[in-house]
Amino acid sequence: MEQRVTLITLGVSDLARSKAFYEALGWQGQEVLETVFFQAGGLGLVLWGRDKLAADCGLEAGKADGFGGIVLAHNVRSDAEVDELLAAVERAGGTVTRPAAVNEIGFYSSAFTDPDGHAWEVAHNPGFPLADDGTVTLPDFGQAQ
């Protein structure tokens, strides 16, 4: 398996509400067959009905509340952009779950959930500089001894 991710699909309870939330944050998507596709840099973010997504994976949908063990991250170029994005999240109907502050590692970050409870981190981490197109290349953390 090549080391890459091509699509991230979020199971949602109300496709129109979720599409409207991401569009309110400035994303532009295409709806096809009750599925919304957003181009997100070099990968796609997809919104699809939670029950349909679970069935497609051969799983039961289960509860939609609580932490699911996955957090998506959106890095930005400044502390001010973190604050601006959080304000937009709240206006769009998301929930800030951790206010913006300098974290224990030393960079400015926050967390929020979308209307379906999908967790996101938003951060300005100068150690993970963004290219002009928004892509990040992880730094060399050195060899473990």
# chains A, B, ... in the order shown; residues from 1 in each chain; ligands from 1
$ residues_around --residues "A:Arg50" --least-positions-apart "2" --cutoff "8 Å" --atoms "only C-alpha atoms" --output "compact mmCIF listing (two decimals) with all heavy atoms, in the first residue's frame"
# COMPACT_ATOMS: atom_id res chain seq x y z
N LEU A 10 -16.91 11.55 5.65
CA LEU A 10 -17.56 11.77 6.93
C LEU A 10 -19.01 11.32 6.82
O LEU A 10 -19.75 11.79 5.94
CB LEU A 10 -17.51 13.25 7.31
CG LEU A 10 -16.12 13.89 7.42
CD1 LEU A 10 -16.25 15.36 7.76
CD2 LEU A 10 -15.27 13.16 8.44
N GLY A 11 -19.43 10.43 7.71
CA GLY A 11 -20.82 10.02 7.77
C GLY A 11 -21.63 11.10 8.46
O GLY A 11 -21.30 11.50 9.58
N VAL A 12 -22.69 11.57 7.82
CA VAL A 12 -23.48 12.68 8.35
C VAL A 12 -24.95 12.28 8.48
O VAL A 12 -25.44 11.44 7.74
CB VAL A 12 -23.33 13.95 7.49
CG1 VAL A 12 -21.86 14.38 7.42
CG2 VAL A 12 -23.87 13.74 6.08
N SER A 13 -25.64 12.92 9.42
CA SER A 13 -27.05 12.61 9.63
C SER A 13 -27.97 13.46 8.75
O SER A 13 -29.09 13.05 8.46
CB SER A 13 -27.42 12.79 11.10
OG SER A 13 -27.20 14.13 11.50
N TRP A 48 -21.39 11.90 3.29
CA TRP A 48 -22.31 10.86 2.84
C TRP A 48 -23.16 10.45 4.03
O TRP A 48 -22.68 10.49 5.18
CB TRP A 48 -21.52 9.68 2.30
CG TRP A 48 -22.29 8.70 1.47
CD1 TRP A 48 -23.46 8.92 0.80
CD2 TRP A 48 -21.94 7.35 1.20
NE1 TRP A 48 -23.85 7.80 0.13
CE2 TRP A 48 -22.93 6.81 0.36
CE3 TRP A 48 -20.88 6.54 1.58
CZ2 TRP A 48 -22.90 5.50 -0.11
CZ3 TRP A 48 -20.85 5.24 1.12
CH2 TRP A 48 -21.84 4.73 0.28
N LYS A 52 -25.59 4.92 5.26
CA LYS A 52 -25.10 4.41 3.98
C LYS A 52 -23.60 4.13 4.05
O LYS A 52 -23.13 3.13 3.51
CB LYS A 52 -25.41 5.41 2.86
CG LYS A 52 -26.87 5.53 2.54
CD LYS A 52 -27.11 6.58 1.48
CE LYS A 52 -28.60 6.74 1.21
NZ LYS A 52 -28.86 7.74 0.19
N LEU A 53 -22.85 5.03 4.70
CA LEU A 53 -21.40 4.84 4.82
C LEU A 53 -21.09 3.59 5.64
O LEU A 53 -20.24 2.79 5.26
CB LEU A 53 -20.76 6.08 5.45
CG LEU A 53 -19.25 6.04 5.69
CD1 LEU A 53 -18.49 5.81 4.39
CD2 LEU A 53 -18.80 7.32 6.36
N ALA A 54 -21.79 3.42 6.75
CA ALA A 54 -21.56 2.24 7.59
C ALA A 54 -21.87 0.97 6.81
O ALA A 54 -21.07 0.02 6.81
CB ALA A 54 -22.43 2.31 8.85
N ALA A 61 -24.08 1.31 11.92
CA ALA A 61 -23.82 2.74 12.11
C ALA A 61 -23.50 3.09 13.56
O ALA A 61 -22.66 3.94 13.81
CB ALA A 61 -25.01 3.57 11.62
$ residues_around --residues "stretch 73-81 of chain A" --least-positions-apart "2" --cutoff "7 Å" --atoms "only C-alpha atoms" --output "list in words"
Val71, Asp83, Glu84, Leu85, Tyr108, Trp120, Glu121, Val122, Ala123 and His124 of chain A
$ residues_around --residues "A:Gly41" --least-positions-apart "3" --cutoff "12 Å" --atoms "only C-alpha atoms" --output "PDB file with N, CA and C atoms, in the first residue's frame"
ATOM      1  N   VAL A   5      -3.298   9.212   1.508  1.00  0.00           N
ATOM      2  CA  VAL A   5      -4.743   9.197   1.700  1.00  0.00           C
ATOM      3  C   VAL A   5      -5.338   9.966   0.528  1.00  0.00           C
ATOM      4  N   THR A   6      -6.381   9.415  -0.107  1.00  0.00           N
ATOM      5  CA  THR A   6      -6.983  10.086  -1.249  1.00  0.00           C
ATOM      6  C   THR A   6      -8.339  10.706  -0.933  1.00  0.00           C
ATOM      7  N   LEU A   7      -9.135  10.030  -0.101  1.00  0.00           N
ATOM      8  CA  LEU A   7     -10.443  10.542   0.282  1.00  0.00           C
ATOM      9  C   LEU A   7     -10.650  10.352   1.779  1.00  0.00           C
ATOM     10  N   TRP A  27     -15.863  26.480   1.727  1.00  0.00           N
ATOM     11  CA  TRP A  27     -15.597  25.328   0.866  1.00  0.00           C
ATOM     12  C   TRP A  27     -16.614  25.292  -0.272  1.00  0.00           C
ATOM     13  N   PHE A  38     -15.838  17.554  -1.821  1.00  0.00           N
ATOM     14  CA  PHE A  38     -15.058  18.785  -1.750  1.00  0.00           C
ATOM     15  C   PHE A  38     -13.621  18.456  -2.116  1.00  0.00           C
ATOM     16  N   GLY A  44      -9.722  14.436  -1.314  1.00  0.00           N
ATOM     17  CA  GLY A  44     -11.132  14.781  -1.329  1.00  0.00           C
ATOM     18  C   GLY A  44     -11.751  14.560   0.038  1.00  0.00           C
ATOM     19  N   LEU A  45     -12.585  15.494   0.466  1.00  0.00           N
ATOM     20  CA  LEU A  45     -13.397  15.326   1.661  1.00  0.00           C
ATOM     21  C   LEU A  45     -14.814  15.083   1.164  1.00  0.00           C
ATOM     22  N   HIS A  74      -6.539  21.166  10.379  1.00  0.00           N
ATOM     23  CA  HIS A  74      -6.435  22.228   9.382  1.00  0.00           C
ATOM     24  C   HIS A  74      -5.418  23.230   9.898  1.00  0.00           C
ATOM     25  N   LEU A 130       3.426  25.762   5.681  1.00  0.00           N
ATOM     26  CA  LEU A 130       2.559  25.439   4.555  1.00  0.00           C
ATOM     27  C   LEU A 130       3.159  25.975   3.263  1.00  0.00           C
ATOM     28  N   ALA A 131       3.067  25.173   2.211  1.00  0.00           N
ATOM     29  CA  ALA A 131       3.464  25.628   0.878  1.00  0.00           C
ATOM     30  C   ALA A 131       2.397  26.595   0.366  1.00  0.00           C
ATOM     31  N   ASP A 132       2.672  27.253  -0.739  1.00  0.00           N
ATOM     32  CA  ASP A 132       1.714  28.201  -1.312  1.00  0.00           C
ATOM     33  C   ASP A 132       0.359  27.544  -1.578  1.00  0.00           C
ATOM     34  N   ASP A 133       0.363  26.248  -1.940  1.00  0.00           N
ATOM     35  CA  ASP A 133      -0.893  25.553  -2.237  1.00  0.00           C
ATOM     36  C   ASP A 133      -1.550  24.955  -0.988  1.00  0.00           C
ATOM     37  N   GLY A 134      -0.985  25.223   0.190  1.00  0.00           N
ATOM     38  CA  GLY A 134      -1.580  24.747   1.433  1.00  0.00           C
ATOM     39  C   GLY A 134      -1.123  23.383   1.907  1.00  0.00           C
ATOM     40  N   THR A 135      -0.276  22.727   1.119  1.00  0.00           N
ATOM     41  CA  THR A 135       0.197  21.414   1.551  1.00  0.00           C
ATOM     42  C   THR A 135       1.269  21.561   2.622  1.00  0.00           C
ATOM     43  N   VAL A 136       1.377  20.552   3.455  1.00  0.00           N
ATOM     44  CA  VAL A 136       2.366  20.534   4.519  1.00  0.00           C
ATOM     45  C   VAL A 136       3.320  19.370   4.263  1.00  0.00           C
TER      46      VAL A 136
END
$ select_by_dssp --residues "chain A" --states "strand (DSSP E)" --output "PDB file with C-alpha atoms, in the first residue's frame"
ATOM      1  CA  LEU A   7     -10.443  10.542   0.282  1.00  0.00           C
ATOM      2  CA  ILE A   8     -11.804  11.154   3.766  1.00  0.00           C
ATOM      3  CA  THR A   9     -15.522  10.406   4.027  1.00  0.00           C
ATOM      4  CA  LEU A  10     -17.562  11.767   6.927  1.00  0.00           C
ATOM      5  CA  GLY A  11     -20.822  10.019   7.771  1.00  0.00           C
ATOM      6  CA  VAL A  12     -23.483  12.677   8.353  1.00  0.00           C
ATOM      7  CA  GLY A  29     -18.507  21.181  -3.186  1.00  0.00           C
ATOM      8  CA  GLN A  30     -20.392  19.165  -5.737  1.00  0.00           C
ATOM      9  CA  GLU A  31     -23.414  17.064  -4.809  1.00  0.00           C
ATOM     10  CA  VAL A  32     -23.807  13.837  -6.765  1.00  0.00           C
ATOM     11  CA  THR A  35     -23.045  12.593  -1.725  1.00  0.00           C
ATOM     12  CA  VAL A  36     -21.066  15.844  -1.485  1.00  0.00           C
ATOM     13  CA  PHE A  37     -17.476  16.013  -2.738  1.00  0.00           C
ATOM     14  CA  PHE A  38     -15.058  18.785  -1.750  1.00  0.00           C
ATOM     15  CA  GLN A  39     -11.580  19.126  -3.261  1.00  0.00           C
ATOM     16  CA  ALA A  40      -9.323  19.711  -0.253  1.00  0.00           C
ATOM     17  CA  LEU A  43      -7.365  14.875  -1.355  1.00  0.00           C
ATOM     18  CA  GLY A  44     -11.132  14.781  -1.329  1.00  0.00           C
ATOM     19  CA  LEU A  45     -13.397  15.326   1.661  1.00  0.00           C
ATOM     20  CA  VAL A  46     -16.702  13.558   1.153  1.00  0.00           C
ATOM     21  CA  LEU A  47     -20.014  13.881   3.025  1.00  0.00           C
ATOM     22  CA  TRP A  48     -22.314  10.862   2.840  1.00  0.00           C
ATOM     23  CA  GLY A  49     -25.225   9.590   4.886  1.00  0.00           C
ATOM     24  CA  VAL A  71      -9.466  14.220  14.508  1.00  0.00           C
ATOM     25  CA  LEU A  72      -8.977  16.056  11.227  1.00  0.00           C
ATOM     26  CA  ALA A  73      -6.517  18.943  11.243  1.00  0.00           C
ATOM     27  CA  HIS A  74      -6.435  22.228   9.382  1.00  0.00           C
ATOM     28  CA  ASN A  75      -3.223  24.208   9.691  1.00  0.00           C
ATOM     29  CA  THR A  95     -19.001  24.063  18.304  1.00  0.00           C
ATOM     30  CA  VAL A  96     -15.631  25.225  19.616  1.00  0.00           C
ATOM     31  CA  THR A  97     -14.612  22.441  22.016  1.00  0.00           C
ATOM     32  CA  ARG A  98     -11.232  23.867  23.039  1.00  0.00           C
ATOM     33  CA  PRO A  99     -10.607  27.624  22.924  1.00  0.00           C
ATOM     34  CA  ALA A 100      -7.566  28.868  21.036  1.00  0.00           C
ATOM     35  CA  ALA A 101      -4.395  29.087  23.129  1.00  0.00           C
ATOM     36  CA  VAL A 102      -0.728  28.239  23.005  1.00  0.00           C
ATOM     37  CA  TYR A 108      -1.381  28.170  18.848  1.00  0.00           C
ATOM     38  CA  SER A 109      -4.275  25.773  18.360  1.00  0.00           C
ATOM     39  CA  SER A 110      -7.916  25.058  19.051  1.00  0.00           C
ATOM     40  CA  ALA A 111     -10.505  22.368  18.366  1.00  0.00           C
ATOM     41  CA  PHE A 112     -14.080  22.333  17.121  1.00  0.00           C
ATOM     42  CA  THR A 113     -16.750  19.919  15.973  1.00  0.00           C
ATOM     43  CA  ALA A 119     -13.645  16.746  15.468  1.00  0.00           C
ATOM     44  CA  TRP A 120     -11.216  19.176  13.871  1.00  0.00           C
ATOM     45  CA  GLU A 121      -8.046  20.814  15.161  1.00  0.00           C
ATOM     46  CA  VAL A 122      -7.139  24.211  13.743  1.00  0.00           C
ATOM     47  CA  ALA A 123      -3.569  25.300  14.358  1.00  0.00           C
ATOM     48  CA  HIS A 124      -0.800  27.701  13.500  1.00  0.00           C
TER      49      HIS A 124
END
$ atom_distance --atom1 "atom CA of A:Ala16" --atom2 "atom CA of A:Val82"
25.8 Å
$ select_by_dssp --residues "stretch 61-115 of chain A" --states "alpha helix (DSSP H)" --output "count of residues only"
14
$ atom_distance --atom1 "atom CA of A:Tyr22" --atom2 "atom CA of A:Gly117"
13.3 Å
